[in-house]
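Please read the structure below before turning to the comments.
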Amino acid sequence: MQQYDKNNIFYKIINKEVNANIVLEGKHFIAFHDIAPKAPVHILVIPKGLYVDYNDFALNASDDEIVDFNRGIAEIVKIMRLENHGFKLISNAGKFTTPDFPEPQSVMHMHVHILGKSSEE
Ligand code: 5GP
């Protein structure tokens, strides 16, 4: 796994150097709307800690960070009213792709995509 490089857009969002449309911020995470949504609701959840990808986070973050992050996802599902239609969680790590999932990780700061449709729609 590569070393964390602070020269990425999510690092700038955490440090408020770049604006994002924030849905929820917790002690250890920030959740905001994806700039190029691929579903009616497309939220990105990122830890405030500096982790390259999901495995880096799962292996090296504290229990507190991991619990806060995952509860944050559940909170967002509730806030965005995604339960009725269901939702997807996706975390791209590294270069791997398949024809059905042709996009590799493009931002090298751990993130989970929440894709869904609000029950208001
Ligand atoms: P990845 O391809 O690494 O799994 O996902 C990165 C995601 O970040 C993409 O869906 C892309 O649209 C989103 N993204 C890239 N730059 C920005 C930005 O400046 N603001 C926001 N809100 N999303 C971004």
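Every chain in the structure tokens takes a letter, A first, then B, and so on in the order presented; its residues are numbered from 1, and the ligands are numbered from 1 following the presented order.
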For this session: Would you mind listing the residues within 10 Å of ligand 1, counting only C-alpha atoms and all ligand atoms, as a VMD selection string?
Result: chain A and resid 8 to 10 12 to 13 18 to 22 31 to 38 42 to 44 53 90 to 95 102 to 113
Problem set entry | Backbone-only DSSP, helix (DSSP H, G or I) members of chain A, as number ranges by chain | A: 9-14, 54-60, 63-79
Selection export as a JSON list (two decimals), in the first residue's frame, atoms kept: N, CA and C atoms:
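Okay, again.json is ready:
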[["chain", "number", "residue", "atom", "x", "y", "z"],
["A", 9, "ILE", "N", -7.55, 16.01, -2.72],
["A", 9, "ILE", "CA", -8.67, 16.94, -2.53],
["A", 9, "ILE", "C", -9.40, 16.73, -1.19],
["A", 10, "PHE", "N", -9.46, 15.49, -0.71],
["A", 10, "PHE", "CA", -10.20, 15.26, 0.55],
["A", 10, "PHE", "C", -9.42, 15.82, 1.75],
["A", 11, "TYR", "N", -8.11, 15.80, 1.67],
["A", 11, "TYR", "CA", -7.30, 16.44, 2.73],
["A", 11, "TYR", "C", -7.65, 17.93, 2.80],
["A", 12, "LYS", "N", -7.84, 18.54, 1.65],
["A", 12, "LYS", "CA", -8.18, 19.97, 1.60],
["A", 12, "LYS", "C", -9.60, 20.20, 2.13],
["A", 13, "ILE", "N", -10.51, 19.27, 1.88],
["A", 13, "ILE", "CA", -11.88, 19.40, 2.41],
["A", 13, "ILE", "C", -11.86, 19.28, 3.93],
["A", 14, "ILE", "N", -11.09, 18.34, 4.47],
["A", 14, "ILE", "CA", -10.99, 18.19, 5.94],
["A", 14, "ILE", "C", -10.46, 19.47, 6.55],
["A", 54, "TYR", "N", -9.44, 1.72, 2.55],
["A", 54, "TYR", "CA", -10.25, 1.03, 3.55],
["A", 54, "TYR", "C", -9.39, 0.15, 4.46],
["A", 55, "ASN", "N", -8.47, -0.61, 3.88],
["A", 55, "ASN", "CA", -7.65, -1.52, 4.69],
["A", 55, "ASN", "C", -6.73, -0.77, 5.63],
["A", 56, "ASP", "N", -6.15, 0.30, 5.16],
["A", 56, "ASP", "CA", -5.31, 1.14, 6.01],
["A", 56, "ASP", "C", -6.14, 1.61, 7.22],
["A", 57, "PHE", "N", -7.36, 2.05, 6.94],
["A", 57, "PHE", "CA", -8.25, 2.52, 8.01],
["A", 57, "PHE", "C", -8.61, 1.38, 8.96],
["A", 58, "ALA", "N", -9.07, 0.27, 8.40],
["A", 58, "ALA", "CA", -9.55, -0.85, 9.24],
["A", 58, "ALA", "C", -8.44, -1.44, 10.10],
["A", 59, "LEU", "N", -7.20, -1.42, 9.57],
["A", 59, "LEU", "CA", -6.09, -2.01, 10.32],
["A", 59, "LEU", "C", -5.45, -1.03, 11.30],
["A", 60, "ASN", "N", -5.47, 0.25, 10.98],
["A", 60, "ASN", "CA", -4.66, 1.21, 11.75],
["A", 60, "ASN", "C", -5.43, 2.27, 12.54],
["A", 63, "ASP", "N", -10.31, 2.09, 17.63],
["A", 63, "ASP", "CA", -11.68, 1.58, 17.72],
["A", 63, "ASP", "C", -12.67, 2.75, 17.69],
["A", 64, "ASP", "N", -12.32, 3.82, 18.39],
["A", 64, "ASP", "CA", -13.19, 5.00, 18.45],
["A", 64, "ASP", "C", -13.45, 5.58, 17.04],
["A", 65, "GLU", "N", -12.39, 5.68, 16.26],
["A", 65, "GLU", "CA", -12.54, 6.19, 14.89],
["A", 65, "GLU", "C", -13.42, 5.27, 14.05],
["A", 66, "ILE", "N", -13.19, 3.97, 14.19],
["A", 66, "ILE", "CA", -13.92, 3.00, 13.36],
["A", 66, "ILE", "C", -15.41, 2.98, 13.73],
["A", 67, "VAL", "N", -15.68, 3.02, 15.02],
["A", 67, "VAL", "CA", -17.09, 3.02, 15.45],
["A", 67, "VAL", "C", -17.77, 4.31, 15.01],
["A", 68, "ASP", "N", -17.11, 5.44, 15.23],
["A", 68, "ASP", "CA", -17.69, 6.74, 14.87],
["A", 68, "ASP", "C", -17.98, 6.79, 13.36],
["A", 69, "PHE", "N", -17.05, 6.30, 12.56],
["A", 69, "PHE", "CA", -17.21, 6.30, 11.10],
["A", 69, "PHE", "C", -18.43, 5.47, 10.69],
["A", 70, "ASN", "N", -18.50, 4.26, 11.23],
["A", 70, "ASN", "CA", -19.59, 3.37, 10.81],
["A", 70, "ASN", "C", -20.95, 3.83, 11.32],
["A", 71, "ARG", "N", -21.00, 4.36, 12.52],
["A", 71, "ARG", "CA", -22.27, 4.91, 13.02],
["A", 71, "ARG", "C", -22.65, 6.13, 12.18],
["A", 72, "GLY", "N", -21.64, 6.86, 11.72],
["A", 72, "GLY", "CA", -21.88, 8.02, 10.86],
["A", 72, "GLY", "C", -22.60, 7.59, 9.59],
["A", 73, "ILE", "N", -22.16, 6.49, 9.00],
["A", 73, "ILE", "CA", -22.83, 5.99, 7.78],
["A", 73, "ILE", "C", -24.30, 5.70, 8.08],
["A", 74, "ALA", "N", -24.55, 5.04, 9.20],
["A", 74, "ALA", "CA", -25.94, 4.71, 9.56],
["A", 74, "ALA", "C", -26.78, 5.98, 9.78],
["A", 75, "GLU", "N", -26.16, 6.98, 10.38],
["A", 75, "GLU", "CA", -26.86, 8.27, 10.60],
["A", 75, "GLU", "C", -27.24, 8.90, 9.26],
["A", 76, "ILE", "N", -26.31, 8.86, 8.32],
["A", 76, "ILE", "CA", -26.56, 9.48, 7.01],
["A", 76, "ILE", "C", -27.68, 8.75, 6.28],
["A", 77, "VAL", "N", -27.67, 7.42, 6.37],
["A", 77, "VAL", "CA", -28.75, 6.63, 5.76],
["A", 77, "VAL", "C", -30.10, 7.12, 6.29],
["A", 78, "LYS", "N", -30.13, 7.40, 7.60],
["A", 78, "LYS", "CA", -31.37, 7.89, 8.22],
["A", 78, "LYS", "C", -31.69, 9.32, 7.76],
["A", 79, "ILE", "N", -30.69, 10.20, 7.84],
["A", 79, "ILE", "CA", -30.91, 11.61, 7.47],
["A", 79, "ILE", "C", -31.40, 11.74, 6.02]]
Problem set entry | Which residue of A:Asn7, A:Ser118, A:Thr97, A:Asn15 approaches Val52 of chain A most closely, using only C-alpha atoms |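 Counting only C-alpha atoms, the residue closest to Val52 of chain A is A:Asn7.
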For this session: Pick out the closest residue to Phe29 of chain A from this set: A:Glu17, A:Ala61, A:Gln3, A:Phe87. Count only C-alpha atoms.
Result: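 So, comparing all the options, the nearest one is A:Ala61.
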For this session: Looking only at strand (DSSP E) from DSSP on the backbone, list the matching residues of segment 7-61 of chain A as a PyMOL selection string.
Result: chain A and resi 22-25+29-33+41-47
For this session: Name the residues in contact with His85 of chain A at a cut-off of 10 Å, using only C-alpha atoms, excluding same-chain residues fewer than 4 positions from it; report them as number ranges by chain.
Result: A: 81, 116-119, 121
Exercise. Which is closest to Lys27 of chain A among A:Lys6, A:Ile46, A:Asn84, A:Tyr51, if we use only C-alpha atoms?
Worked result: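 Closest to Lys27 of chain A of all the choices is A:Ile46.
Between atom CA of Glu83 of chain A and atom CA of Thr98 of chain A lies a distance of 27.8 Å.
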